[in-house]
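So this one's my_file-v8.cif, mmCIF, C-alpha atoms:
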data_work
#
loop_
_atom_site.group_PDB
_atom_site.id
_atom_site.type_symbol
_atom_site.label_atom_id
_atom_site.label_comp_id
_atom_site.auth_asym_id
_atom_site.auth_seq_id
_atom_site.Cartn_x
_atom_site.Cartn_y
_atom_site.Cartn_z
ATOM 1 C CA MET X 9 81.101 102.669 107.413
ATOM 2 C CA LYS X 10 80.829 100.050 104.715
ATOM 3 C CA GLN X 11 82.383 101.165 101.450
ATOM 4 C CA LYS X 12 80.018 101.265 98.501
ATOM 5 C CA THR X 13 82.626 99.915 96.117
ATOM 6 C CA GLN X 14 84.623 96.906 97.241
ATOM 7 C CA ILE X 15 87.459 94.980 95.663
ATOM 8 C CA HIS X 16 88.169 91.363 96.503
ATOM 9 C CA ALA X 17 91.494 90.165 95.164
ATOM 10 C CA GLU X 18 92.730 86.957 96.727
ATOM 11 C CA ASP X 19 96.471 86.387 96.772
ATOM 12 C CA GLY X 20 97.763 84.179 93.982
ATOM 13 C CA LYS X 21 94.549 84.143 91.950
ATOM 14 C CA GLN X 22 94.104 85.431 88.423
ATOM 15 C CA GLU X 23 90.730 86.945 89.064
ATOM 16 C CA LEU X 24 89.113 89.696 91.062
ATOM 17 C CA LEU X 25 85.700 90.759 92.194
ATOM 18 C CA ILE X 26 84.394 94.310 92.204
ATOM 19 C CA THR X 27 81.073 94.901 93.956
ATOM 20 C CA ARG X 28 79.088 98.093 94.149
ATOM 21 C CA GLU X 29 75.718 99.011 95.575
ATOM 22 C CA PHE X 30 73.831 101.811 93.826
ATOM 23 C CA ASP X 31 71.078 104.139 94.986
ATOM 24 C CA LEU X 32 69.387 103.425 91.678
ATOM 25 C CA PRO X 33 66.609 101.109 90.542
ATOM 26 C CA LEU X 34 67.979 98.075 88.701
ATOM 27 C CA GLU X 35 66.611 99.226 85.324
ATOM 28 C CA LEU X 36 68.386 102.573 85.554
ATOM 29 C CA LEU X 37 71.659 100.937 86.507
ATOM 30 C CA PHE X 38 71.440 98.626 83.532
ATOM 31 C CA LYS X 39 70.541 101.481 81.201
ATOM 32 C CA ALA X 40 73.904 103.037 82.027
ATOM 33 C CA TYR X 41 75.499 100.019 80.332
ATOM 34 C CA GLU X 42 73.117 99.879 77.400
ATOM 35 C CA GLU X 43 72.678 103.444 76.121
ATOM 36 C CA PRO X 44 75.735 104.661 74.190
ATOM 37 C CA SER X 45 75.158 108.319 75.080
ATOM 38 C CA ILE X 46 75.005 107.473 78.795
ATOM 39 C CA VAL X 47 78.031 105.162 78.621
ATOM 40 C CA GLU X 48 79.936 108.047 77.046
ATOM 41 C CA GLN X 49 79.047 110.306 79.945
ATOM 42 C CA TRP X 50 80.080 108.172 82.878
ATOM 43 C CA MET X 51 82.997 106.389 81.256
ATOM 44 C CA GLY X 52 84.297 109.654 79.805
ATOM 45 C CA THR X 53 84.849 107.898 76.521
ATOM 46 C CA LYS X 54 83.554 107.921 72.973
ATOM 47 C CA VAL X 55 81.456 104.899 71.995
ATOM 48 C CA LEU X 56 82.418 103.793 68.496
ATOM 49 C CA LYS X 57 80.361 100.632 68.619
ATOM 50 C CA LEU X 58 78.004 99.056 71.157
ATOM 51 C CA GLU X 59 76.023 96.093 69.863
ATOM 52 C CA CYS X 60 74.063 95.037 72.926
ATOM 53 C CA HIS X 61 73.270 91.437 72.080
ATOM 54 C CA LYS X 62 74.849 88.017 72.172
ATOM 55 C CA HIS X 63 77.921 87.927 69.877
ATOM 56 C CA GLY X 64 77.722 91.691 69.357
ATOM 57 C CA SER X 65 80.890 93.720 69.700
ATOM 58 C CA TRP X 66 81.866 97.014 71.266
ATOM 59 C CA GLN X 67 84.613 99.584 70.881
ATOM 60 C CA PHE X 68 85.403 102.685 72.936
ATOM 61 C CA ALA X 69 87.950 105.446 72.377
ATOM 62 C CA THR X 70 89.178 107.892 74.998
ATOM 63 C CA SER X 71 90.729 111.182 73.939
ATOM 64 C CA ASP X 72 92.822 113.728 75.786
ATOM 65 C CA ALA X 73 91.884 117.408 76.181
ATOM 66 C CA GLN X 74 93.291 118.130 72.709
ATOM 67 C CA GLY X 75 91.050 115.511 71.119
ATOM 68 C CA LYS X 76 93.875 113.091 70.397
ATOM 69 C CA VAL X 77 92.884 109.448 70.966
ATOM 70 C CA VAL X 78 95.002 108.125 73.824
ATOM 71 C CA PHE X 79 93.279 104.912 74.608
ATOM 72 C CA ARG X 80 91.094 102.491 72.708
ATOM 73 C CA SER X 81 89.411 99.367 74.006
ATOM 74 C CA ASN X 82 87.184 96.741 72.460
ATOM 75 C CA GLY X 83 85.585 93.396 73.025
ATOM 76 C CA VAL X 84 82.720 91.050 72.298
ATOM 77 C CA PHE X 85 79.513 90.340 74.206
ATOM 78 C CA HIS X 86 79.142 86.681 74.924
ATOM 79 C CA ASP X 87 75.894 87.290 76.745
ATOM 80 C CA PHE X 88 73.715 90.355 77.067
ATOM 81 C CA ILE X 89 70.608 89.791 79.198
ATOM 82 C CA PRO X 90 68.929 93.092 80.115
ATOM 83 C CA ASN X 91 68.713 93.805 83.855
ATOM 84 C CA GLN X 92 70.531 90.589 84.649
ATOM 85 C CA LYS X 93 73.838 89.826 83.115
ATOM 86 C CA ILE X 94 76.562 90.886 80.710
ATOM 87 C CA THR X 95 79.431 88.581 79.810
ATOM 88 C CA ARG X 96 82.068 90.281 77.691
ATOM 89 C CA THR X 97 85.706 90.373 76.784
ATOM 90 C CA PHE X 98 87.799 93.497 77.279
ATOM 91 C CA GLU X 99 90.970 94.340 75.432
ATOM 92 C CA MET X 100 93.100 97.468 75.547
ATOM 93 C CA GLU X 101 94.399 98.108 72.060
ATOM 94 C CA ASN X 102 98.121 98.570 71.461
ATOM 95 C CA THR X 103 99.153 97.452 74.927
ATOM 96 C CA PRO X 104 100.993 94.318 75.996
ATOM 97 C CA PHE X 105 98.046 93.371 78.232
ATOM 98 C CA ASP X 106 96.123 90.283 77.210
ATOM 99 C CA THR X 107 92.348 90.244 76.835
ATOM 100 C CA GLN X 108 90.335 89.820 80.024
ATOM 101 C CA LEU X 109 86.983 88.142 80.563
ATOM 102 C CA GLU X 110 84.318 90.009 82.500
ATOM 103 C CA PHE X 111 81.107 88.730 84.073
ATOM 104 C CA LEU X 112 78.766 91.512 85.154
ATOM 105 C CA GLU X 113 75.776 90.619 87.259
ATOM 106 C CA PHE X 114 73.009 93.080 88.030
ATOM 107 C CA GLU X 115 70.725 92.521 91.007
ATOM 108 C CA LYS X 116 67.739 94.318 92.424
ATOM 109 C CA LEU X 117 68.098 95.019 96.160
ATOM 110 C CA THR X 118 65.006 97.179 96.757
ATOM 111 C CA ASP X 119 62.821 99.247 94.406
ATOM 112 C CA ASN X 120 65.394 102.006 94.555
ATOM 113 C CA THR X 121 68.661 100.222 95.106
ATOM 114 C CA SER X 122 70.644 97.723 93.093
ATOM 115 C CA LYS X 123 73.921 95.876 93.105
ATOM 116 C CA LEU X 124 76.551 95.213 90.473
ATOM 117 C CA THR X 125 79.048 92.373 90.785
ATOM 118 C CA MET X 126 81.926 92.410 88.326
ATOM 119 C CA HIS X 127 83.987 89.272 88.135
ATOM 120 C CA ILE X 128 87.114 89.775 86.031
ATOM 121 C CA VAL X 129 89.336 86.903 84.931
ATOM 122 C CA TYR X 130 92.843 87.632 83.655
ATOM 123 C CA ARG X 131 95.168 85.424 81.660
ATOM 124 C CA SER X 132 97.621 85.067 84.548
ATOM 125 C CA VAL X 133 98.149 85.993 88.193
ATOM 126 C CA GLU X 134 100.967 88.310 87.094
ATOM 127 C CA LEU X 135 98.709 90.179 84.705
ATOM 128 C CA ARG X 136 96.028 90.618 87.350
ATOM 129 C CA ASP X 137 98.533 92.001 89.830
ATOM 130 C CA GLN X 138 99.914 94.317 87.171
ATOM 131 C CA MET X 139 96.432 95.667 86.424
ATOM 132 C CA LEU X 140 95.751 96.193 90.117
ATOM 133 C CA LYS X 141 98.955 98.166 90.459
ATOM 134 C CA LEU X 142 98.374 100.316 87.400
ATOM 135 C CA PRO X 143 96.464 103.124 89.151
ATOM 136 C CA PHE X 144 98.859 102.819 92.095
ATOM 137 C CA ALA X 145 101.868 103.345 89.833
ATOM 138 C CA GLN X 146 100.117 106.213 88.064
ATOM 139 C CA GLY X 147 99.285 107.747 91.442
ATOM 140 C CA ILE X 148 102.928 107.642 92.432
ATOM 141 C CA ASN X 149 103.915 109.224 89.125
ATOM 142 C CA MET X 150 101.317 111.924 89.580
ATOM 143 C CA ALA X 151 102.500 112.655 93.100
ATOM 144 C CA HIS X 152 106.033 112.783 91.764
ATOM 145 C CA ASN X 153 105.071 115.165 88.958
ATOM 146 C CA ARG X 154 103.221 117.396 91.370
ATOM 147 C CA LEU X 155 106.253 117.475 93.614
ATOM 148 C CA GLN X 156 108.413 118.471 90.670
ATOM 149 C CA GLU X 157 105.941 121.190 89.750
ATOM 150 C CA VAL X 158 105.993 122.576 93.263
ATOM 151 C CA LEU X 159 109.769 122.404 93.407
ATOM 152 C CA SER X 160 110.271 124.063 90.030
ATOM 153 C CA LYS X 161 108.145 127.012 91.127
ATOM 154 C CA LYS X 162 110.442 127.774 94.032
ATOM 155 C CA MET H 5 112.091 99.149 81.187
ATOM 156 C CA ASN H 6 112.524 100.716 84.552
ATOM 157 C CA LEU H 7 115.796 99.527 86.015
ATOM 158 C CA ARG H 8 114.882 100.501 89.522
ATOM 159 C CA ARG H 9 113.786 97.594 91.611
ATOM 160 C CA ASP H 10 110.105 96.952 91.972
ATOM 161 C CA VAL H 11 108.912 96.747 95.591
ATOM 162 C CA PHE H 12 106.347 94.136 94.648
ATOM 163 C CA GLN H 13 109.014 91.977 93.129
ATOM 164 C CA ALA H 14 110.967 92.450 96.337
ATOM 165 C CA ILE H 15 108.202 91.159 98.569
ATOM 166 C CA ALA H 16 107.402 88.263 96.238
ATOM 167 C CA ASP H 17 110.362 86.368 97.738
ATOM 168 C CA PRO H 18 109.580 84.364 100.915
ATOM 169 C CA THR H 19 112.965 84.992 102.556
ATOM 170 C CA ARG H 20 112.629 88.713 102.018
ATOM 171 C CA ARG H 21 109.132 88.636 103.467
ATOM 172 C CA ALA H 22 110.504 86.787 106.501
ATOM 173 C CA ILE H 23 113.202 89.439 106.896
ATOM 174 C CA LEU H 24 110.577 92.192 106.880
ATOM 175 C CA LEU H 25 108.586 90.287 109.477
ATOM 176 C CA LEU H 26 111.671 89.835 111.632
ATOM 177 C CA LEU H 27 112.447 93.547 111.511
ATOM 178 C CA ALA H 28 108.876 94.530 112.335
ATOM 179 C CA SER H 29 109.595 94.276 116.054
ATOM 180 C CA GLN H 30 113.150 95.635 116.238
ATOM 181 C CA ALA H 31 116.149 96.927 114.274
ATOM 182 C CA MET H 32 118.827 94.257 113.765
ATOM 183 C CA THR H 33 122.325 93.865 112.351
ATOM 184 C CA ALA H 34 122.926 91.786 109.209
ATOM 185 C CA GLY H 35 124.591 89.117 111.355
ATOM 186 C CA ALA H 36 121.634 88.850 113.712
ATOM 187 C CA ILE H 37 119.226 88.636 110.792
ATOM 188 C CA ALA H 38 121.309 85.963 109.033
ATOM 189 C CA ALA H 39 121.365 83.898 112.250
ATOM 190 C CA ASN H 40 117.628 83.349 111.758
ATOM 191 C CA PHE H 41 118.075 81.658 108.389
ATOM 192 C CA ASP H 42 119.725 78.518 107.134
ATOM 193 C CA THR H 43 120.777 80.292 103.960
ATOM 194 C CA ALA H 44 124.360 81.427 103.456
ATOM 195 C CA ARG H 45 125.294 84.816 104.836
ATOM 196 C CA PRO H 46 126.024 86.347 101.368
ATOM 197 C CA THR H 47 122.521 85.327 100.243
ATOM 198 C CA VAL H 48 120.992 87.145 103.185
ATOM 199 C CA SER H 49 123.205 90.154 102.402
ATOM 200 C CA LYS H 50 121.888 90.139 98.849
ATOM 201 C CA HIS H 51 118.294 90.113 100.137
ATOM 202 C CA LEU H 52 119.073 93.012 102.477
ATOM 203 C CA GLN H 53 120.608 94.918 99.592
ATOM 204 C CA ILE H 54 117.494 94.438 97.433
ATOM 205 C CA LEU H 55 115.174 95.474 100.264
ATOM 206 C CA THR H 56 117.326 98.530 100.928
ATOM 207 C CA GLU H 57 117.355 99.492 97.241
ATOM 208 C CA CYS H 58 113.557 99.370 97.275
ATOM 209 C CA GLU H 59 113.626 101.610 100.328
ATOM 210 C CA LEU H 60 111.743 99.027 102.346
ATOM 211 C CA LEU H 61 114.685 98.968 104.758
ATOM 212 C CA GLY H 62 116.798 101.746 106.174
ATOM 213 C CA GLN H 63 120.256 101.524 107.742
ATOM 214 C CA GLN H 64 121.567 103.181 110.844
ATOM 215 C CA GLN H 65 125.102 103.107 112.136
ATOM 216 C CA THR H 66 125.451 102.589 115.875
ATOM 217 C CA GLY H 67 129.111 102.432 116.910
ATOM 218 C CA ARG H 68 130.707 99.853 114.626
ATOM 219 C CA GLU H 69 127.448 98.103 113.825
ATOM 220 C CA ILE H 70 124.947 98.805 111.085
ATOM 221 C CA TYR H 71 121.360 98.203 112.083
ATOM 222 C CA TYR H 72 118.605 97.567 109.557
ATOM 223 C CA HIS H 73 115.118 98.848 110.269
ATOM 224 C CA LEU H 74 111.766 98.854 108.474
ATOM 225 C CA ASN H 75 110.791 101.900 106.484
ATOM 226 C CA ILE H 76 107.194 102.194 107.694
ATOM 227 C CA GLU H 77 106.140 104.764 105.081
ATOM 228 C CA LYS H 78 107.196 102.524 102.217
ATOM 229 C CA MET H 79 105.513 99.534 103.846
ATOM 230 C CA LYS H 80 102.317 101.536 104.065
ATOM 231 C CA GLU H 81 102.424 102.198 100.344
ATOM 232 C CA ILE H 82 102.374 98.455 99.689
ATOM 233 C CA ALA H 83 99.550 97.836 102.123
ATOM 234 C CA ASP H 84 97.493 100.496 100.349
ATOM 235 C CA PHE H 85 98.396 99.610 96.792
ATOM 236 C CA ILE H 86 94.936 98.297 95.970
ATOM 237 C CA GLU H 87 93.250 101.457 97.260
ATOM 238 C CA PRO H 88 93.904 103.596 94.140
ATOM 239 C CA PHE H 89 92.340 100.834 92.027
ATOM 240 C CA ARG H 90 89.272 100.753 94.284
ATOM 241 C CA LYS H 91 89.126 104.543 94.266
ATOM 242 C CA MET H 92 89.236 104.593 90.466
ATOM 243 C CA TRP H 93 86.189 102.305 90.257
ATOM 244 C CA ASP H 94 84.446 104.091 93.099
ATOM 245 C CA ASP H 95 84.817 107.445 91.289
ATOM 246 C CA ARG H 96 83.584 105.908 88.063
ATOM 247 C CA PHE H 97 80.517 104.360 89.732
ATOM 248 C CA ASN H 98 79.771 107.564 91.674
ATOM 249 C CA HIS H 99 79.744 109.317 88.349
ATOM 250 C CA LEU H 100 77.369 106.713 86.893
ATOM 251 C CA GLU H 101 75.063 107.079 89.899
ATOM 252 C CA ALA H 102 74.977 110.883 89.649
ATOM 253 C CA ILE H 103 74.261 110.797 85.909
ATOM 254 C CA MET H 104 71.443 108.272 86.272
ATOM 255 C CA LYS H 105 69.845 110.162 89.171
ATOM 256 C CA ASN H 106 69.843 113.235 86.992
ATOM 257 C CA TYR H 107 68.432 111.198 84.100
ATOM 258 C CA GLN H 108 65.687 109.840 86.333
ATOM 259 C CA SER H 109 64.599 113.275 87.576
ATOM 260 C CA GLN H 110 64.416 114.600 84.027
ATOM 261 C CA LYS H 111 61.858 112.003 83.007
#
Write-out of the structure in structure tokens:
Amino acid sequence: MKQKTQIHAEDGKQELLITREFDLPLELLFKAYEEPSIVEQWMGTKVLKLECHKHGSWQFATSDAQGKVVFRSNGVFHDFIPNQKITRTFEMENTPFDTQLEFLEFEKLTDNTSKLTMHIVYRSVELRDQMLKLPFAQGINMAHNRLQEVLSKK
Amino acid sequence: MNLRRDVFQAIADPTRRAILLLLASQAMTAGAIAANFDTARPTVSKHLQILTECELLGQQQTGREIYYHLNIEKMKEIADFIEPFRKMWDDRFNHLEAIMKNYQSQK
């Protein structure tokens, strides 16, 4: 079966491509990127700012269960064309990771399906590879923590 | 910084990748592995040490000889390293899809 979300990361390149097909009309898919209250729901983050127009800026903050802000990100829209395209920068605050450039393209497939193509460009090949490994490393840590939990209960 | 060796750093080196490839078909001694390379024996030993520290290689003593073999489980981790990243985005987009379907039916 073809996976709905695909990642294309060529060796030695400082970019990657994320594609996803949605069982949603194009307009609804785009709305999920435009409406702050909806962005908050699916991203699981608080929207501090979302100026959906060329040269507008955005800022999100993610909190833990106790309400403490653990992660903040921000950027600027270089282009914001409804139902077509978003070009933006993305920066994680207080991390050593450099800003990345993101090109989001929204396409209509049928009346009820649509496709999103996210092209992300990083400052270097090393940074891209580091970002790709981030969830992998976290996964290993989580597995490790779980193992410790299980072991400590014995 | 984590002082433990990074497996990705380990496989970034072409000689080390060649060693892994060589060991894919059979377990070999350090001498037999070194015979496949023009590099000095101590250099190959160093590579074997790094790969062993990363748990990509295991050692087994047979008589007086030590044979190196691939640690398949660890190799699998590397092959799948992109999967958690894909899964993260897939979960996120599934969430988006569910929320928008709900939004659509409410209208």
Next on the checklist: Here's the selection I'm unsure about, the PyMOL selection byres ((chain X) within 12 of (chain H)); applied to the file above, which residues does it give, as number ranges by chain?
Outcome noted: X: 11-20, 24-41, 43, 45-53, 120-124, 126, 134, 136-148
Any chance you could tabulate, as a tab-separated table, the residues of region 12-63 of chain H at most 10 Å from region 70-77 of chain H with each one's nearest atom pair and distance in Å to one decimal, using all atoms listed in the file, in chain and rising number order?
residue	atom	partner	partner_atom	distance
H:Ile23	CA	H:Leu74	CA	9.7
H:Leu24	CA	H:Leu74	CA	7.0
H:Leu25	CA	H:Leu74	CA	9.2
H:Leu26	CA	H:Leu74	CA	9.6
H:Leu27	CA	H:His73	CA	6.1
H:Ala28	CA	H:Leu74	CA	6.5
H:Ser29	CA	H:Leu74	CA	9.1
H:Gln30	CA	H:His73	CA	7.1
H:Ala31	CA	H:His73	CA	4.6
H:Met32	CA	H:Tyr71	CA	5.0
H:Thr33	CA	H:Tyr71	CA	4.5
H:Ala34	CA	H:Tyr71	CA	7.2
H:Gly35	CA	H:Tyr71	CA	9.7
H:Ala36	CA	H:Tyr71	CA	9.5
H:Ile37	CA	H:Tyr72	CA	9.0
H:Leu52	CA	H:Tyr72	CA	8.4
H:Leu55	CA	H:Leu74	CA	9.5
H:Thr56	CA	H:Tyr72	CA	8.8
H:Cys58	CA	H:Asn75	CA	9.9
H:Glu59	CA	H:Asn75	CA	6.8
H:Leu60	CA	H:Asn75	CA	5.1
H:Leu61	CA	H:Leu74	CA	4.7
H:Gly62	CA	H:His73	CA	5.3
H:Gln63	CA	H:Tyr72	CA	4.7
Checklist entry - How far is it from CA of Glu113 (chain X) to CA of Glu99 (chain X), in Å with one decimal? => result 19.6 Å
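The coordinates place CA of Ala69 (chain X) at 6.5 Å from CA of Ser81 (chain X).
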Item to check | Residue contacts of Leu112 (chain X) (8 Å, only C-alpha atoms) excluding same-chain residues fewer than 6 positions away, as a list in words | outcome: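 Those residues are Lys93, Ile94, Thr95, Leu124, Thr125, Met126 and His127 of chain X.
A straight line drawn from CA of Arg131 (chain X) to CA of Ser65 (chain X) is 20.4 Å long.
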Checklist entry - Which is closer to Ala44 (chain H) than all the others in H:Thr19, H:Glu57, H:Lys78, H:Ser109, using only C-alpha atoms? => result H:Thr19
